[in-house]
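Asks: Data file start_6.txt (compact mmCIF, C-alpha atoms) is appended below.
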```
# COMPACT_ATOMS: atom_id res chain seq x y z
CA MET A 1 -4.61 -40.38 -5.97
CA GLU A 2 -7.51 -41.87 -4.03
CA ARG A 3 -10.55 -39.68 -3.62
CA VAL A 4 -10.93 -37.92 -0.28
CA ARG A 5 -14.42 -37.94 1.22
CA ALA A 6 -15.39 -35.29 3.76
CA VAL A 7 -18.05 -35.57 6.44
CA VAL A 8 -19.18 -32.25 7.94
CA LEU A 9 -21.05 -32.44 11.24
CA ALA A 10 -23.79 -29.81 11.19
CA ALA A 11 -26.68 -31.42 13.06
CA GLY A 12 -26.29 -29.80 16.46
CA LYS A 13 -28.51 -27.09 17.86
CA GLY A 14 -25.80 -25.28 19.78
CA LYS A 15 -27.42 -24.97 23.20
CA ARG A 16 -24.86 -22.48 24.50
CA MET A 17 -25.76 -20.06 21.71
CA HIS A 18 -29.21 -19.64 23.35
CA SER A 19 -30.78 -19.23 19.94
CA ASP A 20 -33.61 -20.56 17.79
CA LEU A 21 -31.14 -20.60 14.88
CA PRO A 22 -28.97 -23.70 14.33
CA LYS A 23 -25.41 -22.98 15.38
CA VAL A 24 -23.89 -23.51 11.92
CA LEU A 25 -26.22 -20.85 10.46
CA HIS A 26 -25.07 -18.04 12.73
CA LEU A 27 -23.39 -15.35 10.68
CA LEU A 28 -19.69 -14.60 10.72
CA CYS A 29 -18.74 -11.54 8.68
CA GLY A 30 -22.07 -11.84 6.88
CA GLN A 31 -21.94 -15.54 5.99
CA PRO A 32 -23.09 -18.68 7.85
CA LEU A 33 -20.39 -20.55 9.75
CA LEU A 34 -21.06 -23.60 7.58
CA THR A 35 -20.33 -21.64 4.40
CA TYR A 36 -16.72 -21.05 5.43
CA VAL A 37 -16.18 -24.74 6.12
CA LEU A 38 -17.62 -25.76 2.75
CA ASP A 39 -15.58 -23.07 0.98
CA ALA A 40 -12.39 -24.36 2.64
CA LEU A 41 -13.16 -27.89 1.45
CA SER A 42 -13.81 -26.67 -2.07
CA ALA A 43 -10.56 -24.69 -2.10
CA ALA A 44 -8.76 -27.83 -0.91
CA GLY A 45 -10.16 -29.72 -3.91
CA ILE A 46 -12.57 -31.90 -1.94
CA ALA A 47 -15.82 -32.23 -3.88
CA ARG A 48 -19.32 -33.23 -2.74
CA PRO A 49 -18.84 -33.32 1.03
CA ILE A 50 -21.41 -35.17 3.10
CA VAL A 51 -23.16 -32.79 5.49
CA VAL A 52 -24.90 -34.39 8.45
CA VAL A 53 -27.96 -32.29 9.32
CA GLY A 54 -30.40 -32.46 12.20
CA HIS A 55 -31.91 -29.39 13.85
CA SER A 56 -33.65 -27.18 11.25
CA ALA A 57 -32.40 -29.54 8.56
CA ASP A 58 -34.17 -27.76 5.71
CA SER A 59 -32.64 -24.41 6.62
CA VAL A 60 -29.16 -25.92 6.78
CA ARG A 61 -29.68 -27.60 3.39
CA THR A 62 -30.69 -24.27 1.86
CA ALA A 63 -27.66 -22.48 3.30
CA ALA A 64 -25.27 -25.20 2.13
CA GLY A 65 -26.42 -24.88 -1.48
CA GLY A 66 -25.45 -27.23 -4.28
CA GLY A 67 -22.57 -29.64 -4.68
CA VAL A 68 -23.26 -31.21 -1.28
CA GLU A 69 -24.72 -34.54 -0.12
CA PHE A 70 -26.94 -34.60 2.94
CA ILE A 71 -27.59 -37.19 5.62
CA GLU A 72 -30.08 -36.52 8.39
CA GLN A 73 -29.32 -37.48 11.98
CA ARG A 74 -32.87 -37.92 13.22
CA GLU A 75 -31.86 -38.71 16.81
CA GLN A 76 -29.26 -36.49 18.44
CA LEU A 77 -27.06 -39.20 19.97
CA GLY A 78 -23.67 -37.53 19.73
CA THR A 79 -20.94 -36.77 17.25
CA GLY A 80 -19.89 -40.40 16.83
CA HIS A 81 -23.49 -41.31 16.07
CA ALA A 82 -23.59 -38.50 13.47
CA VAL A 83 -20.62 -40.01 11.62
CA MET A 84 -22.28 -43.44 11.78
CA GLN A 85 -25.14 -42.00 9.70
CA ALA A 86 -22.68 -41.19 6.91
CA LEU A 87 -21.13 -44.67 6.74
CA PRO A 88 -23.48 -45.99 4.00
CA ARG A 89 -22.34 -43.14 1.72
CA LEU A 90 -18.70 -44.10 2.33
CA GLU A 91 -19.09 -47.74 1.30
CA GLY A 92 -16.68 -48.87 -1.38
CA GLY A 93 -14.30 -45.98 -0.95
CA THR A 94 -10.67 -46.64 -0.09
CA GLY A 95 -9.47 -43.06 0.16
CA PRO A 96 -9.12 -41.17 3.44
CA VAL A 97 -12.17 -39.79 5.21
CA LEU A 98 -11.94 -36.25 6.56
CA VAL A 99 -14.30 -35.53 9.46
CA LEU A 100 -14.77 -31.96 10.66
CA TYR A 101 -17.30 -29.74 12.36
CA GLY A 102 -19.50 -27.17 10.65
CA ASP A 103 -18.68 -24.62 13.35
CA THR A 104 -14.94 -24.31 12.58
CA PRO A 105 -14.97 -21.44 10.07
CA LEU A 106 -11.33 -20.43 10.52
CA LEU A 107 -9.87 -23.68 9.20
CA GLN A 108 -7.73 -22.99 6.12
CA PRO A 109 -7.48 -25.08 2.92
CA GLU A 110 -3.69 -25.24 3.30
CA THR A 111 -4.09 -26.89 6.69
CA ILE A 112 -6.50 -29.45 5.26
CA HIS A 113 -3.88 -30.30 2.60
CA ALA A 114 -1.15 -30.60 5.23
CA LEU A 115 -3.30 -32.86 7.42
CA LEU A 116 -4.06 -35.17 4.49
CA ASP A 117 -0.40 -35.23 3.41
CA LEU A 118 0.73 -36.19 6.92
CA HIS A 119 -1.91 -38.90 7.08
CA ARG A 120 -0.80 -40.43 3.77
CA SER A 121 2.91 -40.25 4.50
CA SER A 122 2.69 -41.65 8.05
CA GLY A 123 0.48 -44.63 7.31
CA ALA A 124 -1.56 -43.84 10.40
CA ALA A 125 -5.03 -45.24 11.00
CA ALA A 126 -6.11 -41.72 11.95
CA THR A 127 -4.52 -38.30 11.96
CA MET A 128 -5.92 -35.51 14.08
CA LEU A 129 -5.51 -31.76 14.06
CA THR A 130 -4.24 -30.25 17.28
CA ALA A 131 -3.45 -26.77 18.55
CA ALA A 132 -1.35 -25.25 21.33
CA LEU A 133 -3.38 -22.87 23.48
CA ASP A 134 -2.01 -20.24 25.82
CA ASP A 135 -4.69 -21.34 28.27
CA PRO A 136 -5.77 -24.94 27.63
CA SER A 137 -8.00 -25.06 30.71
CA GLY A 138 -11.06 -27.21 30.17
CA TYR A 139 -9.52 -29.24 27.34
CA GLY A 140 -8.04 -32.70 27.28
CA ARG A 141 -4.30 -32.78 26.61
CA ILE A 142 -2.52 -34.57 23.78
CA ILE A 143 0.24 -36.87 25.01
CA ARG A 144 2.74 -37.74 22.29
CA GLY A 145 5.11 -40.69 22.25
CA SER A 146 8.81 -40.63 21.41
CA SER A 147 8.05 -40.98 17.68
CA GLY A 148 5.79 -37.92 17.73
CA ALA A 149 2.62 -39.96 17.27
CA VAL A 150 -0.28 -39.62 19.69
CA ALA A 151 0.15 -41.90 22.70
CA ARG A 152 -3.06 -40.94 24.46
CA ILE A 153 -5.48 -38.13 25.21
CA VAL A 154 -5.87 -37.35 28.87
CA GLU A 155 -8.80 -35.46 30.30
CA GLU A 156 -7.88 -32.45 32.38
CA ALA A 157 -9.41 -33.86 35.55
CA GLU A 158 -7.25 -36.97 35.22
CA ALA A 159 -4.01 -35.25 34.20
CA THR A 160 -0.92 -35.26 36.35
CA PRO A 161 0.61 -31.84 37.14
CA ASP A 162 3.16 -32.32 34.32
CA GLU A 163 0.44 -33.35 31.88
CA ALA A 164 -1.76 -30.41 32.89
CA ARG A 165 1.07 -28.05 31.95
CA LEU A 166 0.95 -29.30 28.36
CA ARG A 167 -0.73 -26.88 25.96
CA GLU A 168 -1.55 -29.13 22.99
CA ILE A 169 -5.26 -29.95 22.67
CA ASN A 170 -7.55 -31.74 20.24
CA ALA A 171 -8.82 -29.31 17.54
CA GLY A 172 -11.64 -31.64 16.46
CA THR A 173 -10.69 -32.28 12.81
CA TYR A 174 -9.70 -35.83 11.83
CA VAL A 175 -8.58 -37.90 8.87
CA PHE A 176 -9.34 -41.62 9.07
CA ASP A 177 -8.49 -44.67 7.06
CA PRO A 178 -12.04 -45.76 6.11
CA ALA A 179 -11.64 -49.30 7.48
CA ALA A 180 -10.17 -47.95 10.72
CA LEU A 181 -13.08 -45.50 11.03
CA ARG A 182 -15.65 -48.29 10.72
CA GLU A 183 -13.73 -50.40 13.22
CA ALA A 184 -13.50 -47.57 15.76
CA LEU A 185 -17.13 -46.54 15.38
CA SER A 186 -18.25 -50.12 16.00
CA LYS A 187 -16.56 -49.99 19.41
CA LEU A 188 -18.26 -46.82 20.63
CA ARG A 189 -20.65 -47.18 23.53
CA PRO A 190 -22.98 -44.54 25.02
CA ASP A 191 -21.73 -45.26 28.55
CA ASN A 192 -21.45 -41.65 29.65
CA THR A 193 -23.67 -39.21 31.50
CA GLN A 194 -25.18 -37.92 28.25
CA GLY A 195 -25.86 -41.37 26.81
CA GLU A 196 -24.17 -40.36 23.55
CA TYR A 197 -21.59 -41.77 21.14
CA TYR A 198 -18.57 -39.46 21.16
CA LEU A 199 -16.37 -39.13 18.08
CA THR A 200 -13.34 -38.39 20.27
CA ASP A 201 -13.62 -41.92 21.70
CA THR A 202 -12.65 -43.34 18.29
CA ILE A 203 -9.10 -42.15 18.91
CA ALA A 204 -8.92 -43.99 22.23
CA ALA A 205 -10.36 -47.11 20.56
CA LEU A 206 -7.71 -47.06 17.83
CA LEU A 207 -4.89 -46.48 20.31
CA ALA A 208 -6.19 -49.34 22.49
CA ALA A 209 -6.08 -51.59 19.43
CA GLY A 210 -2.44 -50.67 18.84
CA ARG A 211 -3.15 -48.55 15.78
CA ARG A 212 -1.04 -45.50 14.99
CA VAL A 213 -2.63 -42.07 15.42
CA GLY A 214 -0.79 -39.04 14.05
CA ALA A 215 -1.27 -35.38 14.83
CA LEU A 216 -0.64 -32.10 13.01
CA LEU A 217 -0.14 -29.01 15.15
CA ALA A 218 -2.00 -25.99 13.72
CA ASP A 219 -2.21 -22.43 14.96
CA ALA A 220 -4.77 -21.75 17.65
CA GLU A 221 -6.94 -19.55 15.41
CA GLN A 222 -7.79 -22.39 13.07
CA ALA A 223 -8.81 -24.60 15.96
CA MET A 224 -11.46 -22.15 17.15
CA GLY A 225 -14.86 -23.77 17.29
CA ILE A 226 -17.96 -21.67 17.91
CA ASN A 227 -20.01 -22.73 20.91
CA SER A 228 -21.14 -19.39 22.34
CA ARG A 229 -21.83 -15.80 21.35
CA ARG A 230 -18.52 -14.80 22.93
CA GLU A 231 -16.63 -17.26 20.77
CA LEU A 232 -18.56 -16.04 17.73
CA ALA A 233 -17.42 -12.48 18.45
CA ALA A 234 -13.82 -13.63 18.88
CA ALA A 235 -13.94 -15.48 15.55
CA GLU A 236 -15.47 -12.39 13.91
CA THR A 237 -12.41 -10.40 14.92
CA VAL A 238 -10.09 -12.95 13.34
CA MET A 239 -12.11 -13.34 10.15
CA ARG A 240 -12.49 -9.58 9.70
CA ARG A 241 -8.73 -9.17 9.99
CA ARG A 242 -8.18 -11.88 7.38
CA ILE A 243 -10.65 -10.29 4.97
CA LEU A 244 -9.10 -6.84 5.31
CA GLU A 245 -5.57 -8.21 4.93
CA ARG A 246 -6.62 -10.00 1.75
CA LEU A 247 -8.06 -6.77 0.33
CA MET A 248 -4.98 -4.75 1.26
CA ASP A 249 -2.70 -7.37 -0.30
CA ALA A 250 -4.78 -7.03 -3.50
CA GLY A 251 -4.28 -3.26 -3.71
CA VAL A 252 -7.08 -1.77 -1.61
CA THR A 253 -6.23 1.00 0.86
CA ILE A 254 -7.95 0.67 4.23
CA ILE A 255 -7.27 3.74 6.34
CA ASP A 256 -8.22 2.21 9.70
CA PRO A 257 -8.79 -1.57 9.79
CA ALA A 258 -10.03 -1.33 13.38
CA THR A 259 -13.13 0.59 12.27
CA THR A 260 -13.74 -1.00 8.86
CA TYR A 261 -16.20 -3.89 8.49
CA VAL A 262 -16.27 -6.01 5.33
CA HIS A 263 -18.29 -9.19 4.80
CA GLY A 264 -16.81 -12.36 3.40
CA GLY A 265 -18.64 -12.18 0.06
CA VAL A 266 -17.57 -8.61 -0.79
CA ARG A 267 -15.28 -7.81 -3.75
CA VAL A 268 -13.29 -4.58 -4.04
CA GLY A 269 -11.16 -3.34 -6.96
CA ARG A 270 -7.59 -2.12 -6.70
CA ASP A 271 -6.73 1.46 -5.74
CA THR A 272 -10.05 1.88 -3.96
CA VAL A 273 -9.76 3.68 -0.61
CA ILE A 274 -12.01 2.68 2.29
CA HIS A 275 -12.24 5.26 5.07
CA PRO A 276 -13.09 4.62 8.74
CA GLN A 277 -16.50 3.56 10.02
CA SER A 278 -17.50 2.02 6.71
CA TYR A 279 -19.50 -1.18 6.27
CA LEU A 280 -19.43 -3.28 3.10
CA GLU A 281 -21.98 -6.04 3.46
CA GLY A 282 -23.56 -8.98 1.66
CA ALA A 283 -22.65 -9.46 -2.00
CA THR A 284 -21.38 -5.91 -2.52
CA ILE A 285 -19.03 -5.34 -5.47
CA VAL A 286 -16.91 -2.19 -5.58
CA GLY A 287 -14.89 -1.23 -8.65
CA SER A 288 -11.43 0.27 -8.90
CA ARG A 289 -10.37 3.76 -7.77
CA CYS A 290 -13.49 4.28 -5.64
CA THR A 291 -13.64 6.30 -2.44
CA ILE A 292 -15.80 4.69 0.24
CA GLY A 293 -16.56 6.60 3.43
CA PRO A 294 -16.02 7.73 5.97
CA GLN A 295 -19.27 6.41 7.46
CA ALA A 296 -20.52 4.64 4.35
CA ARG A 297 -22.72 1.55 4.33
CA LEU A 298 -23.03 -0.60 1.22
CA VAL A 299 -25.39 -3.59 1.28
CA ASP A 300 -25.57 -5.85 -1.80
CA ALA A 301 -24.52 -2.80 -3.83
CA VAL A 302 -22.71 -2.81 -7.18
CA LEU A 303 -20.43 0.17 -7.81
CA ASP A 304 -18.52 0.75 -11.03
CA ASP A 305 -15.08 2.39 -11.10
CA SER A 306 -14.32 5.81 -9.56
CA VAL A 307 -17.50 6.05 -7.49
CA THR A 308 -17.49 8.12 -4.28
CA VAL A 309 -19.83 7.35 -1.37
CA VAL A 310 -19.45 9.60 1.68
CA ALA A 311 -21.46 9.11 4.89
CA SER A 312 -24.31 7.48 2.96
CA SER A 313 -26.15 4.16 2.57
CA VAL A 314 -26.53 2.25 -0.69
CA THR A 315 -28.66 -0.91 -0.60
CA LYS A 316 -29.27 -3.35 -3.47
CA SER A 317 -28.58 -0.67 -6.07
CA GLN A 318 -26.27 -0.25 -9.07
CA VAL A 319 -24.13 2.86 -9.40
CA GLY A 320 -22.31 3.89 -12.58
CA GLU A 321 -18.77 5.10 -13.14
CA GLY A 322 -17.69 8.42 -11.68
CA THR A 323 -20.87 9.02 -9.68
CA SER A 324 -20.68 10.77 -6.30
CA ILE A 325 -23.12 10.10 -3.46
CA GLY A 326 -23.52 12.04 -0.24
CA PRO A 327 -22.93 13.01 2.35
CA TYR A 328 -26.03 11.74 4.16
CA SER A 329 -27.79 10.26 1.14
CA HIS A 330 -29.87 7.10 1.25
CA LEU A 331 -30.27 4.80 -1.75
CA ARG A 332 -32.89 2.24 -0.85
CA PRO A 333 -33.26 -0.96 -2.92
CA ASP A 334 -33.60 -1.25 -6.69
CA ASN A 335 -31.97 1.92 -7.98
CA ARG A 336 -29.99 2.07 -11.21
CA VAL A 337 -27.79 5.16 -11.26
CA GLY A 338 -25.88 6.15 -14.38
CA ARG A 339 -22.40 7.58 -14.95
CA PHE A 340 -21.13 10.84 -13.47
CA VAL A 341 -24.30 11.48 -11.52
CA GLU A 342 -24.27 13.78 -8.48
CA ILE A 343 -26.49 12.71 -5.57
CA GLY A 344 -26.29 15.39 -2.91
CA ASN A 345 -26.84 15.88 0.80
CA TYR A 346 -29.85 14.10 2.33
CA ALA A 347 -31.15 12.88 -1.02
CA GLU A 348 -33.20 9.68 -0.95
CA MET A 349 -34.00 7.27 -3.79
CA LYS A 350 -36.01 4.07 -4.13
CA ASN A 351 -36.68 1.91 -7.19
CA SER A 352 -35.55 4.63 -9.58
CA THR A 353 -33.40 4.91 -12.68
CA VAL A 354 -31.20 7.97 -13.15
CA GLY A 355 -29.42 8.77 -16.41
CA ASP A 356 -25.85 9.95 -16.98
CA TYR A 357 -24.70 13.41 -15.83
CA THR A 358 -27.88 14.06 -13.88
CA LYS A 359 -27.81 16.04 -10.61
CA VAL A 360 -30.05 15.02 -7.73
CA HIS A 361 -29.71 17.75 -5.15
CA HIS A 362 -30.16 17.85 -1.40
CA MET A 363 -33.36 17.12 0.51
CA SER A 364 -34.94 15.46 -2.54
CA TYR A 365 -36.80 12.18 -2.94
CA LEU A 366 -37.09 10.03 -6.05
CA GLY A 367 -39.40 7.03 -5.74
CA ASP A 368 -40.50 4.80 -8.65
CA ALA A 369 -38.98 7.38 -10.99
CA THR A 370 -37.26 7.19 -14.35
CA VAL A 371 -34.97 10.17 -14.87
CA GLY A 372 -33.11 10.86 -18.10
CA THR A 373 -29.67 12.26 -18.81
CA ARG A 374 -28.44 15.73 -17.82
CA VAL A 375 -31.49 16.40 -15.67
CA ASN A 376 -31.35 18.85 -12.76
CA ILE A 377 -33.39 17.80 -9.72
CA GLY A 378 -33.64 20.86 -7.50
CA ALA A 379 -33.33 20.82 -3.74
CA GLY A 380 -36.46 19.65 -1.92
CA THR A 381 -38.03 17.99 -4.99
CA ILE A 382 -40.32 15.06 -4.21
CA THR A 383 -41.90 12.49 -6.48
CA CYS A 384 -45.24 11.90 -4.75
CA ASN A 385 -45.52 8.27 -5.79
CA TYR A 386 -47.96 6.93 -3.17
CA ASP A 387 -51.60 7.96 -2.73
CA GLY A 388 -52.35 5.70 0.21
CA LYS A 389 -53.51 2.82 -1.98
CA GLY A 390 -51.00 2.33 -4.79
CA LYS A 391 -47.62 3.48 -6.07
CA TYR A 392 -47.25 5.25 -9.41
CA PRO A 393 -44.34 6.17 -11.69
CA THR A 394 -42.79 9.50 -12.50
CA VAL A 395 -40.88 10.01 -15.77
CA ILE A 396 -38.52 12.94 -16.22
CA GLU A 397 -37.05 13.10 -19.71
CA ASP A 398 -33.58 14.20 -20.82
CA GLY A 399 -32.47 17.74 -20.07
CA ALA A 400 -35.41 18.68 -17.84
CA PHE A 401 -34.89 21.25 -15.07
CA ILE A 402 -36.89 20.58 -11.92
CA GLY A 403 -37.01 23.64 -9.68
CA SER A 404 -36.50 23.53 -5.93
CA ASP A 405 -39.40 22.23 -3.83
CA SER A 406 -41.29 20.88 -6.84
CA MET A 407 -43.95 18.31 -5.98
CA LEU A 408 -44.43 15.83 -8.84
CA ILE A 409 -47.77 14.03 -8.29
CA ALA A 410 -47.46 10.60 -9.91
CA PRO A 411 -48.31 9.31 -12.39
CA VAL A 412 -46.78 12.19 -14.30
CA ARG A 413 -44.32 12.83 -17.14
CA ILE A 414 -42.01 15.83 -17.46
CA GLY A 415 -41.04 16.18 -21.10
CA ARG A 416 -37.65 16.63 -22.68
CA GLY A 417 -36.08 19.96 -21.74
CA ALA A 418 -39.14 21.02 -19.68
CA VAL A 419 -38.91 23.25 -16.61
CA THR A 420 -40.84 23.37 -13.35
CA GLY A 421 -40.74 26.49 -11.22
CA ALA A 422 -39.74 26.55 -7.58
CA GLY A 423 -42.56 25.26 -5.38
CA ALA A 424 -44.62 23.97 -8.30
CA VAL A 425 -47.17 21.24 -7.63
CA VAL A 426 -47.25 19.27 -10.89
CA ASN A 427 -50.24 16.96 -11.26
CA LYS A 428 -50.40 16.86 -15.06
CA ASP A 429 -47.86 16.00 -17.72
CA VAL A 430 -45.58 18.83 -18.83
CA PRO A 431 -44.86 18.69 -22.58
CA PRO A 432 -41.30 18.92 -23.94
CA GLY A 433 -39.92 22.43 -23.49
CA GLY A 434 -42.85 23.52 -21.32
CA VAL A 435 -42.38 25.77 -18.30
CA ALA A 436 -44.83 24.86 -15.53
CA VAL A 437 -45.28 27.01 -12.45
CA GLY A 438 -47.80 27.45 -9.64
CA VAL A 439 -50.14 25.40 -7.48
CA PRO A 440 -51.39 23.44 -9.30
CA ALA A 441 -48.72 23.96 -11.96
CA LYS A 442 -49.68 25.34 -15.37
CA VAL A 443 -47.58 25.68 -18.49
CA ILE A 444 -46.98 29.40 -19.06
CA LYS A 445 -44.52 29.26 -21.94
CA TYR A 446 -42.12 27.09 -23.91
CA VAL A 447 -38.34 27.14 -24.13
CA PRO A 448 -36.02 25.35 -26.53
CA ALA A 449 -35.56 21.75 -25.36
CA ASP A 450 -31.79 22.02 -24.91
CA VAL A 451 -30.69 18.74 -23.33
CA ALA A 452 -27.25 20.20 -22.73
CA ARG A 453 -28.63 22.79 -20.30
```
Kindly present the structure from the file in structure tokens form.
Replies:
Amino acid sequence: MERVRAVVLAAGKGKRMHSDLPKVLHLLCGQPLLTYVLDALSAAGIARPIVVVGHSADSVRTAAGGGVEFIEQREQLGTGHAVMQALPRLEGGTGPVLVLYGDTPLLQPETIHALLDLHRSSGAAATMLTAALDDPSGYGRIIRGSSGAVARIVEEAEATPDEARLREINAGTYVFDPAALREALSKLRPDNTQGEYYLTDTIAALLAAGRRVGALLADAEQAMGINSRRELAAAETVMRRRILERLMDAGVTIIDPATTYVHGGVRVGRDTVIHPQSYLEGATIVGSRCTIGPQARLVDAVLDDSVTVVASSVTKSQVGEGTSIGPYSHLRPDNRVGRFVEIGNYAEMKNSTVGDYTKVHHMSYLGDATVGTRVNIGAGTITCNYDGKGKYPTVIEDGAFIGSDSMLIAPVRIGRGAVTGAGAVVNKDVPPGGVAVGVPAKVIKYVPADVAR
């Protein structure tokens, strides 16, 4: 089968977005609009699409990633002009050319396949995607002939009353025979109020030349292009529903989809339950049999199986099997939490490692700390890791017992099986088995270093 080439138009600024950010880089369920389009092409088996960039070209290139060719449209002279820039990269190819916009994130791979299949089977010079809208106001209407092929596209202002009642509109995705595309582009003229070359005029040019133009009717959702913040919000609703349905079909329980927010790059294992008002964002990975929420927020977090997070935030941290977090805990970036750890109410952690079976109780703070296994961190304990100039580490070895309201002045090491008394201010290392009390803390005796305490 002849190779399909895809041209993705991503050069526009998106004036109606009223933004400094290029339109295709606005986020939809946590990912740029362009990412969804490229993912759909990849899933449809179309490799190395040509992306036409313009405004903030470097930023768009970065977001698109690898496996993509880029052409820059230096002058913004319309969508037809953008496709003209890609013609040199299409030389020598005889397979169909798919042209689509980078702001159509709801287009599905199955629809791309169907559009290409119709194009091949019909022998058309071009095949366009259309949609039937409940309210097609503002759009041109598709007029079909008796054979079902496109006879013409009529602008709303020029439509007769019967034509205006038609609901089928141009969805903006096309497949062209490459020779027909070159022919149609050569006939475009910028004789309009904007002085631009419009891609839609290629269809009129082909029809005027007596060439056949086919059309595939898709559902209205897939035809949604993003031109404003309102349309972005509407697409977010659709994409969020799709993401949640995919998770539920894979064995994830979502108690209330209306109040659950999951980004496109998130992965969740089977038999996990997500409670209301929970947010799973970025590249978060959640294992099987977890309990998330209510009111949990996970950002780029990695959770092993059977983890519970209740009314707490976990950001850029790894959490081991069977660990429970919350309620009202806050794991800031770069934590590595072991298995079967308990992180209690209002506990906060940053850049810390916590060993298996350790308990980090309420109102405590661990910053730049390394904590061993089976350690007890009493309520109100703080690792004082910052002196106003630099940050310093705290090490708490296996089996230590840190009493409530202990202040650990970093850098400091609490030895294996050591104990600090309630309210102790520890500014010197405590040896293994030592019991340190007071302000400043002093070792008053030794106990057996029983790590199973």
Asks: Measure the distance from atom CA of Arg229 of chain A to atom CA of Gly102 of chain A in Å and round it to one decimal.
Replies: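 Interatomic distance here is 15.8 Å.
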Asks: Calculated over only C-alpha atoms, which of the candidates A:Met17, A:Val268, A:Ala10, A:His275 has the smallest distance to Gln73 of chain A?
Replies: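 Looking only at the distances to Gln73 of chain A, the closest residue turns out to be A:Ala10.
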Asks: Set the distance at 12 Å and use all atoms listed in the file: which residues neighbour Ala209 of chain A once local chain neighbours fewer than 4 positions away are removed? I'd like the list as an MDAnalysis selection string.
Replies: chainID A and resid 125 151 180 183:184 187 202:205 213
Asks: At a cut-off of 10 Å, using all atoms listed in the file, what residues contact Val419 of chain A? Leave out same-chain residues fewer than 5 positions from it and give the result as a compact mmCIF listing (two decimals) with C-alpha atoms, keeping the file's coordinate frame.
Replies:
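Wrote it out as selection-v1.txt, contents follow:
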```
# COMPACT_ATOMS: atom_id res chain seq x y z
CA ASN A 376 -31.35 18.85 -12.76
CA GLY A 399 -32.47 17.74 -20.07
CA ALA A 400 -35.41 18.68 -17.84
CA PHE A 401 -34.89 21.25 -15.07
CA ILE A 402 -36.89 20.58 -11.92
CA GLY A 403 -37.01 23.64 -9.68
CA ILE A 414 -42.01 15.83 -17.46
CA VAL A 430 -45.58 18.83 -18.83
CA PRO A 431 -44.86 18.69 -22.58
CA PRO A 432 -41.30 18.92 -23.94
CA GLY A 433 -39.92 22.43 -23.49
CA GLY A 434 -42.85 23.52 -21.32
CA VAL A 435 -42.38 25.77 -18.30
CA ALA A 436 -44.83 24.86 -15.53
CA VAL A 437 -45.28 27.01 -12.45
CA VAL A 443 -47.58 25.68 -18.49
CA LYS A 445 -44.52 29.26 -21.94
CA TYR A 446 -42.12 27.09 -23.91
CA VAL A 447 -38.34 27.14 -24.13
CA ALA A 449 -35.56 21.75 -25.36
```
Asks: Under the rule that all atoms listed in the file are counted, which of A:Ile112, A:Glu196, A:Leu87, A:Glu155 is the nearest residue to Glu75 of chain A?
Replies: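 Between A:Ile112, A:Glu196, A:Leu87, A:Glu155, the residue approaching Glu75 of chain A most closely is A:Glu196.
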Asks: Which polymer residues have any atom within 12 Å of an atom of Pro190 of chain A, counting all atoms listed in the file, with same-chain residues fewer than 5 positions away left out, as an MDAnalysis selection string?
Replies: chainID A and resid 77:81 185 195:199 201
Asks: At most 9 Å from (-23.4, -2.3, -9.3), file frame, only C-alpha atoms: which residues, as a list in words?
Replies: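 Within 9 Å of (-23.4, -2.3, -9.3), the protein and nucleic acid residues are Thr284, Ile285, Val286, Gly287, Asp300, Ala301, Val302, Leu303, Asp304, Lys316, Ser317, Gln318, Val319, Gly320, Arg336 and Val337 of chain A.
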Asks: One number please: atom CA of Thr130 of chain A to atom CA of Gln194 of chain A, in Å, one decimal.
Replies: 24.9 Å
Asks: To one decimal in Å, tell me the separation between atom CA of Arg413 of chain A and atom CA of Gly372 of chain A.
Replies: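 Atom CA of Gly372 of chain A lies at a distance of 11.4 Å from atom CA of Arg413 of chain A.
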Asks: Using only C-alpha atoms, which of A:Ser122, A:Thr358, A:Gln85, A:Thr193 sits nearest Ile71 of chain A?
Replies: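 Answer, going by the shortest atom-to-atom distance: A:Gln85.
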Asks: Would you mind telling me which residue in A:Leu408, A:Ile142, A:Val53, A:Val273 lies nearest to Gly421 of chain A when using only C-alpha atoms?
Replies: A:Leu408
Asks: Excluding segment 92-95 of chain A and residues on its chain fewer than 6 positions from it, collect all residues at most 7 Å away from it, counting all atoms listed in the file, and give them as a ChimeraX atom specification.
Replies: /A:2-4,178
Asks: Report as lines of an AutoDock Vina configuration file the centre and the edge lengths, in Å to one decimal, of the axis-aligned box holding every listed atom of segment 336-341 of chain A, padded by 5 Å on each side.
Replies:
```
center_x = -25.6
center_y = 6.8
center_z = -13.1
size_x = 18.9
size_y = 19.4
size_z = 13.7
```
Asks: Select, from A:Thr35, A:Thr260, A:Gln222, A:Ser306, the residue with the minimum atom-to-atom distance to Gly293 of chain A, counting only C-alpha atoms.
Replies: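 Looking at the shortest contact to Gly293 of chain A, the residue is A:Thr260.
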Asks: Fewer than 6 positions away in the same chain doesn't count, so skip those; otherwise give me all residues within 12 Å of Asp58 of chain A, counting all atoms listed in the file, as a PDB file with C-alpha atoms, in the coordinates of the input.
Replies:
```pdb
ATOM      1  CA  ALA A  10     -23.790 -29.810  11.190  1.00  0.00           C
ATOM      2  CA  ALA A  11     -26.680 -31.420  13.060  1.00  0.00           C
ATOM      3  CA  PRO A  22     -28.970 -23.700  14.330  1.00  0.00           C
ATOM      4  CA  LEU A  25     -26.220 -20.850  10.460  1.00  0.00           C
ATOM      5  CA  VAL A  52     -24.900 -34.390   8.450  1.00  0.00           C
ATOM      6  CA  ALA A  64     -25.270 -25.200   2.130  1.00  0.00           C
ATOM      7  CA  GLY A  65     -26.420 -24.880  -1.480  1.00  0.00           C
ATOM      8  CA  PHE A  70     -26.940 -34.600   2.940  1.00  0.00           C
ATOM      9  CA  ILE A  71     -27.590 -37.190   5.620  1.00  0.00           C
ATOM     10  CA  GLU A  72     -30.080 -36.520   8.390  1.00  0.00           C
TER      11      GLU A  72
END
```
